[in-house]
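Here is start.cif, consisting of mmCIF, C-alpha atoms:
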```cif
data_entry
loop_
_atom_site.group_PDB
_atom_site.id
_atom_site.type_symbol
_atom_site.label_atom_id
_atom_site.label_comp_id
_atom_site.auth_asym_id
_atom_site.auth_seq_id
_atom_site.Cartn_x
_atom_site.Cartn_y
_atom_site.Cartn_z
ATOM 1 C CA MET A 593 62.837 148.836 174.568
ATOM 2 C CA HIS A 594 64.450 148.927 171.125
ATOM 3 C CA LYS A 595 62.640 150.385 168.152
ATOM 4 C CA ILE A 596 61.067 147.879 165.761
ATOM 5 C CA ASP A 597 62.536 147.559 162.263
ATOM 6 C CA PRO A 598 59.849 148.305 159.624
ATOM 7 C CA LYS A 599 61.320 145.523 157.457
ATOM 8 C CA ALA A 600 59.899 143.016 159.930
ATOM 9 C CA ILE A 601 56.389 144.406 159.380
ATOM 10 C CA PHE A 602 56.373 143.984 155.627
ATOM 11 C CA SER A 603 57.919 140.504 155.691
ATOM 12 C CA ILE A 604 55.094 138.952 157.750
ATOM 13 C CA GLN A 605 53.940 135.712 156.119
ATOM 14 C CA SER A 606 52.062 133.875 158.851
ATOM 15 C CA GLN A 607 49.682 134.403 161.758
ATOM 16 C CA PRO A 608 52.330 133.437 164.363
ATOM 17 C CA GLN A 609 54.672 136.062 162.868
ATOM 18 C CA PHE A 610 51.890 138.655 163.027
ATOM 19 C CA GLU A 611 51.028 137.820 166.636
ATOM 20 C CA SER A 612 54.637 137.890 167.804
ATOM 21 C CA LEU A 613 55.362 141.251 166.176
ATOM 22 C CA ALA A 614 52.032 142.753 167.283
ATOM 23 C CA LEU A 615 52.838 141.931 170.914
ATOM 24 C CA GLU A 616 56.335 143.376 170.523
ATOM 25 C CA ILE A 617 54.929 146.579 169.004
ATOM 26 C CA PHE A 618 52.285 146.767 171.739
ATOM 27 C CA ARG A 619 54.904 146.682 174.473
ATOM 28 C CA TYR A 620 57.030 149.234 172.625
ATOM 29 C CA GLN A 621 54.100 151.643 172.155
ATOM 30 C CA ALA A 622 52.766 151.139 175.680
ATOM 31 C CA GLU A 623 56.155 152.446 176.821
ATOM 32 C CA ASN A 624 56.954 155.043 174.144
ATOM 33 C CA CYS A 625 53.575 156.535 173.085
ATOM 34 C CA GLN A 626 52.533 158.812 175.942
ATOM 35 C CA VAL A 627 48.820 158.967 175.217
ATOM 36 C CA TYR A 628 48.602 155.205 174.669
ATOM 37 C CA SER A 629 50.708 154.525 177.759
ATOM 38 C CA ASP A 630 48.341 156.644 179.871
ATOM 39 C CA PHE A 631 45.322 154.954 178.286
ATOM 40 C CA VAL A 632 46.643 151.453 179.046
ATOM 41 C CA LYS A 633 47.551 152.357 182.610
ATOM 42 C CA ASN A 634 44.181 154.000 183.251
ATOM 43 C CA LEU A 635 42.530 150.742 182.249
ATOM 44 C CA GLY A 636 44.564 148.994 184.940
ATOM 45 C CA ILE A 637 46.424 146.917 182.377
ATOM 46 C CA ARG A 638 50.103 146.041 182.848
ATOM 47 C CA ALA A 639 51.726 145.913 179.437
ATOM 48 C CA ASP A 640 54.305 143.340 180.525
ATOM 49 C CA LYS A 641 51.493 140.959 181.515
ATOM 50 C CA VAL A 642 49.713 141.071 178.130
ATOM 51 C CA SER A 643 50.534 137.788 176.402
ATOM 52 C CA ASP A 644 47.909 137.428 173.672
ATOM 53 C CA LEU A 645 46.344 139.649 170.997
ATOM 54 C CA ASN A 646 42.870 139.541 172.519
ATOM 55 C CA SER A 647 44.161 141.303 175.635
ATOM 56 C CA ILE A 648 45.601 144.305 173.799
ATOM 57 C CA PRO A 649 43.466 147.454 174.378
ATOM 58 C CA PHE A 650 42.521 149.612 171.386
ATOM 59 C CA LEU A 651 42.944 153.377 171.570
ATOM 60 C CA PRO A 652 39.750 155.272 170.617
ATOM 61 C CA ILE A 653 40.371 157.070 167.334
ATOM 62 C CA GLU A 654 39.113 160.347 168.841
ATOM 63 C CA PHE A 655 42.481 160.767 170.583
ATOM 64 C CA PHE A 656 43.967 161.774 167.229
ATOM 65 C CA LYS A 657 41.809 164.907 167.452
ATOM 66 C CA SER A 658 42.878 165.946 170.923
ATOM 67 C CA HIS A 659 46.394 164.555 171.405
ATOM 68 C CA GLN A 660 49.596 163.964 169.498
ATOM 69 C CA VAL A 661 49.697 160.206 169.066
ATOM 70 C CA MET A 662 53.380 159.490 168.518
ATOM 71 C CA SER A 663 55.687 156.705 169.660
ATOM 72 C CA GLY A 664 59.107 158.031 170.522
ATOM 73 C CA SER A 665 60.407 161.484 169.747
ATOM 74 C CA GLY A 666 61.394 163.360 166.645
ATOM 75 C CA THR A 667 60.016 165.685 164.026
ATOM 76 C CA ALA A 668 57.174 164.519 161.808
ATOM 77 C CA GLU A 669 58.052 164.258 158.114
ATOM 78 C CA GLU A 670 54.357 164.567 157.259
ATOM 79 C CA VAL A 671 51.241 165.466 159.213
ATOM 80 C CA PHE A 672 48.135 163.963 157.641
ATOM 81 C CA THR A 673 44.817 165.559 158.555
ATOM 82 C CA SER A 674 41.209 164.472 158.221
ATOM 83 C CA SER A 675 38.894 166.488 156.019
ATOM 84 C CA GLY A 676 36.405 167.439 158.712
ATOM 85 C CA THR A 677 33.515 169.834 158.324
ATOM 86 C CA THR A 678 33.431 173.429 159.497
ATOM 87 C CA GLY A 679 33.610 173.649 163.268
ATOM 88 C CA MET A 680 34.706 170.045 163.765
ATOM 89 C CA ALA A 681 38.113 169.129 165.150
ATOM 90 C CA GLN A 682 40.468 167.514 162.652
ATOM 91 C CA SER A 683 42.346 164.331 163.289
ATOM 92 C CA LYS A 684 46.090 164.787 162.922
ATOM 93 C CA HIS A 685 48.444 161.911 162.281
ATOM 94 C CA ALA A 686 52.079 162.930 162.714
ATOM 95 C CA VAL A 687 54.170 160.546 160.621
ATOM 96 C CA LEU A 688 57.796 160.308 161.749
ATOM 97 C CA ASP A 689 58.898 158.135 158.818
ATOM 98 C CA VAL A 690 56.746 158.637 155.722
ATOM 99 C CA GLU A 691 58.654 155.877 153.900
ATOM 100 C CA VAL A 692 56.780 153.365 156.083
ATOM 101 C CA TYR A 693 53.501 154.698 154.664
ATOM 102 C CA VAL A 694 54.870 154.537 151.123
ATOM 103 C CA GLN A 695 56.005 150.935 151.600
ATOM 104 C CA SER A 696 52.639 150.031 153.101
ATOM 105 C CA PHE A 697 50.412 151.339 150.311
ATOM 106 C CA ARG A 698 52.769 150.238 147.521
ATOM 107 C CA LYS A 699 53.073 146.694 148.832
ATOM 108 C CA THR A 700 49.339 146.472 149.528
ATOM 109 C CA PHE A 701 48.492 147.635 146.006
ATOM 110 C CA GLU A 702 50.886 145.066 144.568
ATOM 111 C CA ILE A 703 49.375 142.281 146.676
ATOM 112 C CA PHE A 704 45.848 142.974 145.439
ATOM 113 C CA TYR A 705 46.374 144.406 141.950
ATOM 114 C CA GLY A 706 49.897 143.533 140.806
ATOM 115 C CA ASP A 707 52.417 145.801 139.093
ATOM 116 C CA ILE A 708 51.269 149.454 139.122
ATOM 117 C CA ARG A 709 53.039 149.991 135.783
ATOM 118 C CA LYS A 710 50.450 147.965 133.907
ATOM 119 C CA TYR A 711 47.682 150.425 134.824
ATOM 120 C CA ALA A 712 46.505 153.894 133.995
ATOM 121 C CA ILE A 713 45.449 155.496 137.291
ATOM 122 C CA LEU A 714 42.646 158.062 137.074
ATOM 123 C CA ALA A 715 41.617 159.986 140.185
ATOM 124 C CA LEU A 716 38.305 161.750 140.813
ATOM 125 C CA LEU A 717 38.935 163.142 144.292
ATOM 126 C CA PRO A 718 37.777 166.779 144.348
ATOM 127 C CA SER A 719 37.129 167.183 148.073
ATOM 128 C CA TYR A 720 40.536 165.729 148.933
ATOM 129 C CA LEU A 721 42.464 167.526 146.210
ATOM 130 C CA GLU A 722 41.112 170.908 147.340
ATOM 131 C CA ARG A 723 42.788 170.822 150.746
ATOM 132 C CA ASP A 724 46.202 170.126 152.245
ATOM 133 C CA GLY A 725 47.242 167.177 154.378
ATOM 134 C CA SER A 726 45.291 164.360 152.729
ATOM 135 C CA SER A 727 46.925 160.942 153.077
ATOM 136 C CA LEU A 728 44.724 159.713 150.217
ATOM 137 C CA ILE A 729 46.127 162.369 147.857
ATOM 138 C CA TYR A 730 49.658 161.485 148.980
ATOM 139 C CA MET A 731 48.958 157.874 148.003
ATOM 140 C CA ALA A 732 47.193 158.785 144.748
ATOM 141 C CA ASP A 733 50.112 161.042 143.735
ATOM 142 C CA ASP A 734 52.517 158.156 144.159
ATOM 143 C CA LEU A 735 50.323 155.645 142.312
ATOM 144 C CA ILE A 736 49.819 158.071 139.410
ATOM 145 C CA ARG A 737 53.589 158.596 139.122
ATOM 146 C CA GLY A 738 54.266 154.898 139.515
ATOM 147 C CA SER A 739 51.899 153.974 136.696
ATOM 148 C CA GLU A 740 54.182 155.756 134.197
ATOM 149 C CA ASN A 741 51.147 156.224 131.939
ATOM 150 C CA ASP A 742 50.597 159.554 130.185
ATOM 151 C CA ASN A 743 46.830 159.243 130.657
ATOM 152 C CA SER A 744 47.087 158.931 134.456
ATOM 153 C CA GLY A 745 46.110 161.947 136.516
ATOM 154 C CA TYR A 746 43.446 163.935 138.366
ATOM 155 C CA PHE A 747 40.231 165.205 136.798
ATOM 156 C CA LEU A 748 38.669 167.280 139.574
ATOM 157 C CA TYR A 749 35.335 168.416 138.017
ATOM 158 C CA ASP A 750 36.320 167.920 134.363
ATOM 159 C CA HIS A 751 33.924 165.099 133.568
ATOM 160 C CA LYS A 752 34.160 165.583 129.802
ATOM 161 C CA THR A 753 37.910 165.002 129.760
ATOM 162 C CA LEU A 754 37.502 162.042 132.107
ATOM 163 C CA ASN A 755 34.864 160.550 129.804
ATOM 164 C CA ASP A 756 37.097 161.044 126.752
ATOM 165 C CA THR A 757 40.055 159.502 128.584
ATOM 166 C CA LEU A 758 38.038 156.463 129.627
ATOM 167 C CA LEU A 759 36.853 155.928 126.046
ATOM 168 C CA HIS A 760 40.441 156.209 124.792
ATOM 169 C CA LEU A 761 41.759 153.742 127.384
ATOM 170 C CA LYS A 762 38.952 151.333 126.542
ATOM 171 C CA SER A 763 39.758 151.527 122.824
ATOM 172 C CA THR A 764 43.449 150.869 123.501
ATOM 173 C CA LYS A 765 42.622 147.996 125.893
ATOM 174 C CA THR A 766 44.618 149.647 128.691
ATOM 175 C CA HIS A 767 44.213 148.272 132.210
ATOM 176 C CA THR A 768 42.622 151.177 134.070
ATOM 177 C CA ILE A 769 41.712 152.008 137.661
ATOM 178 C CA LEU A 770 39.431 154.938 138.451
ATOM 179 C CA ILE A 771 39.773 155.947 142.117
ATOM 180 C CA GLY A 772 36.990 158.240 143.254
ATOM 181 C CA VAL A 773 35.241 159.693 146.248
ATOM 182 C CA THR A 774 31.710 158.295 146.247
ATOM 183 C CA TYR A 775 29.714 161.436 145.509
ATOM 184 C CA ALA A 776 32.009 162.413 142.621
ATOM 185 C CA LEU A 777 31.673 158.971 141.024
ATOM 186 C CA LEU A 778 27.886 159.278 141.303
ATOM 187 C CA ASP A 779 27.937 162.755 139.766
ATOM 188 C CA PHE A 780 29.908 161.421 136.804
ATOM 189 C CA ALA A 781 27.804 158.267 136.396
ATOM 190 C CA GLU A 782 24.596 160.311 136.293
ATOM 191 C CA GLY A 783 25.901 162.532 133.502
ATOM 192 C CA HIS A 784 27.797 159.979 131.423
ATOM 193 C CA SER A 785 27.416 156.362 130.419
ATOM 194 C CA VAL A 786 30.654 154.449 129.860
ATOM 195 C CA ASP A 787 30.442 150.822 128.818
ATOM 196 C CA PHE A 788 33.900 149.744 129.996
ATOM 197 C CA PRO A 789 33.539 146.273 131.600
ATOM 198 C CA GLU A 790 37.286 145.881 132.173
ATOM 199 C CA LEU A 791 37.514 149.154 134.122
ATOM 200 C CA ILE A 792 38.200 148.917 137.865
ATOM 201 C CA VAL A 793 36.053 151.525 139.601
ATOM 202 C CA MET A 794 37.302 151.978 143.168
ATOM 203 C CA GLU A 795 35.267 154.060 145.583
ATOM 204 C CA THR A 796 37.017 155.537 148.594
ATOM 205 C CA GLY A 797 33.773 156.252 150.422
ATOM 206 C CA GLY A 798 32.200 159.454 151.531
ATOM 207 C CA MET A 799 29.413 161.784 150.471
ATOM 208 C CA LYS A 800 31.136 164.682 152.305
ATOM 209 C CA GLY A 801 27.728 166.237 152.869
ATOM 210 C CA LYS A 802 27.251 166.622 149.115
ATOM 211 C CA ARG A 803 24.545 163.989 148.720
ATOM 212 C CA ARG A 804 22.301 161.782 150.796
ATOM 213 C CA GLU A 805 23.834 158.653 152.252
ATOM 214 C CA MET A 806 22.974 155.474 150.364
ATOM 215 C CA VAL A 807 23.094 151.785 151.179
ATOM 216 C CA ARG A 808 25.952 150.005 149.448
ATOM 217 C CA THR A 809 23.759 147.833 147.215
ATOM 218 C CA GLU A 810 21.923 150.867 145.801
ATOM 219 C CA LEU A 811 25.130 152.846 145.375
ATOM 220 C CA HIS A 812 27.003 150.045 143.617
ATOM 221 C CA GLU A 813 24.050 149.288 141.358
ATOM 222 C CA ILE A 814 24.048 152.893 140.084
ATOM 223 C CA LEU A 815 27.824 152.902 139.601
ATOM 224 C CA CYS A 816 27.856 149.505 137.867
ATOM 225 C CA SER A 817 25.205 150.745 135.456
ATOM 226 C CA GLY A 818 26.923 154.074 134.792
ATOM 227 C CA PHE A 819 30.350 152.620 134.102
ATOM 228 C CA GLY A 820 29.233 149.342 132.574
ATOM 229 C CA VAL A 821 31.211 147.263 135.058
ATOM 230 C CA PRO A 822 30.176 144.021 136.825
ATOM 231 C CA VAL A 823 31.352 145.032 140.338
ATOM 232 C CA ILE A 824 32.605 148.057 142.269
ATOM 233 C CA HIS A 825 35.883 147.863 144.157
ATOM 234 C CA SER A 826 36.410 149.749 147.415
ATOM 235 C CA GLU A 827 39.293 151.024 149.506
ATOM 236 C CA TYR A 828 39.111 151.203 153.290
ATOM 237 C CA GLY A 829 41.621 153.523 154.887
ATOM 238 C CA MET A 830 41.736 156.647 156.999
ATOM 239 C CA THR A 831 43.954 159.472 158.167
ATOM 240 C CA GLU A 832 44.856 157.663 161.372
ATOM 241 C CA LEU A 833 46.070 154.474 159.632
ATOM 242 C CA LEU A 834 49.020 153.873 157.317
ATOM 243 C CA SER A 835 47.498 150.736 155.772
ATOM 244 C CA GLN A 836 44.461 150.064 153.603
ATOM 245 C CA ALA A 837 42.118 147.158 153.035
ATOM 246 C CA TYR A 838 40.568 146.502 149.625
ATOM 247 C CA SER A 839 37.321 145.001 148.421
ATOM 248 C CA LYS A 840 37.006 143.600 144.911
ATOM 249 C CA GLY A 841 33.233 143.481 145.164
ATOM 250 C CA ALA A 842 30.224 142.953 147.449
ATOM 251 C CA GLY A 843 31.759 145.120 150.166
ATOM 252 C CA ILE A 844 33.932 142.303 151.545
ATOM 253 C CA PHE A 845 37.355 143.661 152.503
ATOM 254 C CA HIS A 846 40.711 141.899 152.654
ATOM 255 C CA CYS A 847 43.683 143.154 154.672
ATOM 256 C CA PRO A 848 47.399 143.012 153.863
ATOM 257 C CA PRO A 849 49.407 140.619 156.097
ATOM 258 C CA TRP A 850 50.363 143.351 158.600
ATOM 259 C CA MET A 851 46.780 144.543 159.190
ATOM 260 C CA ARG A 852 43.900 142.855 161.043
ATOM 261 C CA VAL A 853 40.333 143.794 161.917
ATOM 262 C CA SER A 854 38.439 142.599 164.981
ATOM 263 C CA ILE A 855 35.011 143.515 166.347
ATOM 264 C CA ARG A 856 34.314 144.923 169.804
ATOM 265 C CA ASP A 857 31.093 144.936 171.788
ATOM 266 C CA THR A 858 29.580 148.424 171.521
ATOM 267 C CA ASN A 859 28.607 148.304 175.200
ATOM 268 C CA ASP A 860 31.905 146.870 176.456
ATOM 269 C CA PRO A 861 34.856 148.048 174.330
ATOM 270 C CA LEU A 862 37.225 145.499 175.914
ATOM 271 C CA GLU A 863 35.001 142.580 174.900
ATOM 272 C CA LEU A 864 35.683 141.113 171.444
ATOM 273 C CA LEU A 865 32.920 139.499 169.411
ATOM 274 C CA SER A 866 32.923 136.379 167.252
ATOM 275 C CA HIS A 867 32.753 136.207 163.459
ATOM 276 C CA GLY A 868 29.399 137.257 162.062
ATOM 277 C CA GLN A 869 28.449 139.465 165.024
ATOM 278 C CA THR A 870 27.999 143.202 164.496
ATOM 279 C CA GLY A 871 29.962 145.646 166.633
ATOM 280 C CA GLY A 872 32.599 148.367 166.574
ATOM 281 C CA ILE A 873 35.619 147.863 164.326
ATOM 282 C CA ASN A 874 39.083 147.596 165.883
ATOM 283 C CA VAL A 875 42.021 147.875 163.502
ATOM 284 C CA THR A 876 45.481 146.496 164.185
ATOM 285 C CA ASP A 877 47.801 148.258 161.748
ATOM 286 C CA LEU A 878 51.411 147.331 162.392
ATOM 287 C CA ALA A 879 52.528 149.974 159.869
ATOM 288 C CA ASN A 880 51.487 152.520 162.530
ATOM 289 C CA ILE A 881 54.740 151.678 164.261
ATOM 290 C CA ASN A 882 55.526 155.329 165.082
ATOM 291 C CA SER A 883 52.076 156.261 166.380
ATOM 292 C CA CYS A 884 49.631 153.619 167.681
ATOM 293 C CA SER A 885 48.971 150.306 165.935
ATOM 294 C CA PHE A 886 45.797 149.474 167.872
ATOM 295 C CA ILE A 887 42.901 151.758 166.984
ATOM 296 C CA ALA A 888 39.205 151.516 167.862
ATOM 297 C CA VAL A 889 37.528 153.267 164.936
ATOM 298 C CA GLN A 890 34.008 154.686 164.703
ATOM 299 C CA ASP A 891 32.733 152.160 162.153
ATOM 300 C CA LEU A 892 30.337 149.304 162.726
ATOM 301 C CA GLY A 893 31.036 146.018 161.008
ATOM 302 C CA LYS A 894 31.496 142.287 161.226
ATOM 303 C CA THR A 895 34.298 139.854 160.480
ATOM 304 C CA PHE A 896 34.235 136.495 158.708
ATOM 305 C CA GLU A 897 36.388 133.374 158.574
ATOM 306 C CA GLY A 898 39.605 133.951 156.677
ATOM 307 C CA GLY A 899 40.212 137.449 158.005
ATOM 308 C CA THR A 900 37.757 139.331 155.783
ATOM 309 C CA PHE A 901 35.365 141.972 157.076
ATOM 310 C CA GLU A 902 32.411 144.131 156.109
ATOM 311 C CA VAL A 903 31.621 147.711 157.094
ATOM 312 C CA LEU A 904 27.966 148.224 158.002
ATOM 313 C CA GLY A 905 27.812 151.836 159.118
ATOM 314 C CA ARG A 906 29.292 154.225 161.626
ATOM 315 C CA PHE A 907 28.538 155.437 165.101
ATOM 316 C CA ASP A 908 28.240 159.104 164.204
ATOM 317 C CA ASN A 909 29.494 161.698 161.742
ATOM 318 C CA SER A 910 33.165 161.248 162.596
ATOM 319 C CA ASP A 911 35.604 162.237 159.877
ATOM 320 C CA ILE A 912 36.548 158.783 158.702
ATOM 321 C CA ARG A 913 37.844 158.037 155.246
ATOM 322 C CA GLY A 914 36.766 154.567 154.313
ATOM 323 C CA CYS A 915 34.494 152.649 152.075
ATOM 324 C CA ASN A 916 30.910 151.678 152.645
ATOM 325 C CA LEU A 917 30.345 153.853 155.706
ATOM 326 C CA LEU A 918 26.739 153.209 154.951
ATOM 327 C CA VAL A 919 23.829 151.854 156.875
ATOM 328 C CA GLN A 920 22.848 148.508 155.405
#
```

Starting from the file, lay out its structure as structure tokens.
Amino acid sequence: MHKIDPKAIFSIQSQPQFESLALEIFRYQAENCQVYSDFVKNLGIRADKVSDLNSIPFLPIEFFKSHQVMSGSGTAEEVFTSSGTTGMAQSKHAVLDVEVYVQSFRKTFEIFYGDIRKYAILALLPSYLERDGSSLIYMADDLIRGSENDNSGYFLYDHKTLNDTLLHLKSTKTHTILIGVTYALLDFAEGHSVDFPELIVMETGGMKGKRREMVRTELHEILCSGFGVPVIHSEYGMTELLSQAYSKGAGIFHCPPWMRVSIRDTNDPLELLSHGQTGGINVTDLANINSCSFIAVQDLGKTFEGGTFEVLGRFDNSDIRGCNLLVQ
């Protein structure tokens, strides 16, 4: 079967287009991704007989820790790795064509936030910045460069400079996005008080063992108070995916046109649940054209009409980068 052109992924404008391309990618990956091919066959599913999205099986995300999940052959341009804690296996996502990832996060950002050049991008991502192989840092690097703003950059643990920069950007009425890992945003908010209502504070999830887990409402209340903002935005992405979903408040996430979330029964992974029911999250990410586009992740959540979803928690302590991996 021929390889799918990435241009088709990022030109999706309707549900029928999405469904048609998803089925095409499924058949391609069921033939060209060895681990997924074996998985599908072991389930007794014939790829050529799958004719609707609800019949596509989702590969458990754990396979990225034990196998190379790659469709086709070639040399990876980038290998993204999960953070992981000492003694835990890391997920590895071998990316054959990193330009697909770049197109995915750039187009998604533009869909939800507009032209990157109108923003200053500030990043408070210490645990990611201190290791190699982070897909989040790869994305943040590109967004910081794309903003073309001299104030954009990383702050690591330099909260004083971050505070001064925020005050400066507020005084100059500069559109600003602060992207931060959850615990680092909390650390800053507890030591500083910035009344910057126009600021977009975007949490990327994760306490990384630094602090106790918190329910989203409590977490966002503290952050809203500390930064003087009405809502907290969130980003939902992970090492194993090349696309992200965004929430502009209340923990309700929206996907770009080439990404969909569905919910599986926790007792029967092949059974999909209706809107409003809680279960395991399945992600269809067509940007994962060179690995596997159908991933059963370790998060619990629910979907709603209109394609939105909410993350309610996670099954265990898997190394997942996402937002609101919190027990409600």

Leaving out Cys816 of chain A and any residue of its chain fewer than 2 positions from it, which residues lie within 12 Å of it when counting only C-alpha atoms, given as a ChimeraX atom specification? /A:777-778,781-782,785-795,808-814,818-825,841-842

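In this comparison, which uses only C-alpha atoms, the residue of A:Val692, A:Ile604, A:Val807, A:Ile771 approaching Ala879 of chain A most closely is A:Val692.
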
Q) Got a sec: who's within 10 Å of Glu740 of chain A, counting all atoms listed in the file, leaving out chain neighbours fewer than 5 positions off, as a list in words? A) Ile708, Arg709, Lys710, Tyr711, Ala712, Ile713 and Leu735 of chain A

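Close contacts of Ile703 of chain A, defined as residues with an atom at most 10 Å away when counting only C-alpha atoms, with chain neighbours fewer than 3 positions off set aside, comprise Phe697, Arg698, Lys699, Thr700, Gly706, Asp707, Cys847, Pro848 and Pro849 of chain A.
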
Could you work out an axis-aligned box for segment 763-773 of chain A, taking every atom the file lists and adding 4 Å on each side, and report centre and edge lengths in Å to one decimal, as lines of an AutoDock Vina configuration file?
```
center_x = 39.9
center_y = 153.8
center_z = 134.5
size_x = 17.4
size_y = 19.7
size_z = 31.4
```

Test item: the PyMOL selection byres ((chain A and resi 614) around 9) resolved as a PyMOL selection string:
chain A and resi 609-613+615-619+645+850+876-878+885

Counting all atoms listed in the file, the residue among A:Gly905, A:Gly664, A:Phe886, A:Asn743 that lies closest to Lys762 of chain A is A:Asn743

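Of note, atom CA of His760 of chain A and atom CA of His784 of chain A are spaced 14.8 Å apart.
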
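Distances here use all atoms listed in the file; by that measure, the residue among A:Lys641, A:Ala681, A:Ala837, A:Phe907 closest to Ser658 of chain A is A:Ala681.
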
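Proximity of A:Asp644, A:Leu862, A:Asp742, A:Gly868 to Pro608 of chain A, computed with all atoms listed in the file, is greatest for A:Asp644.
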
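Excluding Leu834 of chain A itself and same-chain residues fewer than 2 positions from it, the residues having an atom within 10 Å of it are A:His685, A:Val687, A:Val690, A:Val692, A:Tyr693, A:Val694, A:Gln695, A:Ser696, A:Phe697, A:Ser727, A:Gly829, A:Met830, A:Thr831, A:Glu832, A:Gln836, A:Met851, A:Asp877, A:Leu878, A:Ala879, A:Asn880, A:Ile881, A:Ser883, A:Ser885, counting only C-alpha atoms.
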
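Residues having any atom no farther than 10 Å from (41.3, 148.5, 175.3) (counting all atoms listed in the file) are A:Tyr628, A:Phe631, A:Val632, A:Leu635, A:Ile637, A:Asn646, A:Ser647, A:Ile648, A:Pro649, A:Phe650, A:Leu651, A:Pro652, A:Arg856, A:Asp860, A:Pro861, A:Leu862, A:Glu863, A:Asn874, A:Phe886, A:Ile887, A:Ala888.
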
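For the atom pair formed by atom CA of Gln607 of chain A and atom CA of Ser643 of chain A, the distance is 15.1 Å, given to one decimal.
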
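Put simply, atom CA of Ala686 of chain A is 23.9 Å away from atom CA of Ile736 of chain A.
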
Q) Given the file above and the PyMOL selection byres ((chain A and resi 720) around 12), which residues are selected, and can you give them as a PyMOL selection string? A) chain A and resi 672-676+715-719+721-733+746+748+771-774+776+796-800+831+913

Output segment 792-796 of chain A from the block with all heavy atoms, as a PDB file, in the first residue's frame?
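Output (part_36.pdb):
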```pdb
ATOM      1  N   ILE A 792      -1.978  34.512  29.350  1.00  0.00           N
ATOM      2  CA  ILE A 792      -2.437  33.128  29.168  1.00  0.00           C
ATOM      3  C   ILE A 792      -1.469  32.220  29.907  1.00  0.00           C
ATOM      4  O   ILE A 792      -0.294  32.123  29.541  1.00  0.00           O
ATOM      5  CB  ILE A 792      -2.500  32.749  27.679  1.00  0.00           C
ATOM      6  CG1 ILE A 792      -3.571  33.575  26.954  1.00  0.00           C
ATOM      7  CG2 ILE A 792      -2.786  31.252  27.519  1.00  0.00           C
ATOM      8  CD1 ILE A 792      -3.596  33.368  25.445  1.00  0.00           C
ATOM      9  N   VAL A 793      -1.932  31.615  30.986  1.00  0.00           N
ATOM     10  CA  VAL A 793      -1.141  30.644  31.732  1.00  0.00           C
ATOM     11  C   VAL A 793      -1.552  29.258  31.247  1.00  0.00           C
ATOM     12  O   VAL A 793      -2.714  28.871  31.383  1.00  0.00           O
ATOM     13  CB  VAL A 793      -1.366  30.762  33.253  1.00  0.00           C
ATOM     14  CG1 VAL A 793      -0.553  29.689  33.986  1.00  0.00           C
ATOM     15  CG2 VAL A 793      -0.989  32.146  33.744  1.00  0.00           C
ATOM     16  N   MET A 794      -0.609  28.518  30.680  1.00  0.00           N
ATOM     17  CA  MET A 794      -0.899  27.208  30.113  1.00  0.00           C
ATOM     18  C   MET A 794      -0.117  26.130  30.844  1.00  0.00           C
ATOM     19  O   MET A 794       1.108  26.077  30.775  1.00  0.00           O
ATOM     20  CB  MET A 794      -0.538  27.187  28.621  1.00  0.00           C
ATOM     21  CG  MET A 794      -0.876  25.881  27.920  1.00  0.00           C
ATOM     22  SD  MET A 794      -0.277  25.869  26.215  1.00  0.00           S
ATOM     23  CE  MET A 794      -1.274  27.177  25.499  1.00  0.00           C
ATOM     24  N   GLU A 795      -0.838  25.285  31.567  1.00  0.00           N
ATOM     25  CA  GLU A 795      -0.161  24.197  32.281  1.00  0.00           C
ATOM     26  C   GLU A 795      -0.073  22.971  31.382  1.00  0.00           C
ATOM     27  O   GLU A 795      -0.996  22.646  30.653  1.00  0.00           O
ATOM     28  CB  GLU A 795      -0.865  23.882  33.598  1.00  0.00           C
ATOM     29  CG  GLU A 795      -2.345  23.595  33.483  1.00  0.00           C
ATOM     30  CD  GLU A 795      -2.730  22.285  34.099  1.00  0.00           C
ATOM     31  OE1 GLU A 795      -1.846  21.440  34.275  1.00  0.00           O
ATOM     32  OE2 GLU A 795      -3.928  22.107  34.383  1.00  0.00           O
ATOM     33  N   THR A 796       1.081  22.318  31.442  1.00  0.00           N
ATOM     34  CA  THR A 796       1.297  21.118  30.637  1.00  0.00           C
ATOM     35  C   THR A 796       1.164  19.858  31.482  1.00  0.00           C
ATOM     36  O   THR A 796       1.507  18.767  31.039  1.00  0.00           O
ATOM     37  CB  THR A 796       2.688  21.132  29.976  1.00  0.00           C
ATOM     38  OG1 THR A 796       3.690  21.034  30.988  1.00  0.00           O
ATOM     39  CG2 THR A 796       2.912  22.405  29.190  1.00  0.00           C
TER      40      THR A 796
END
```
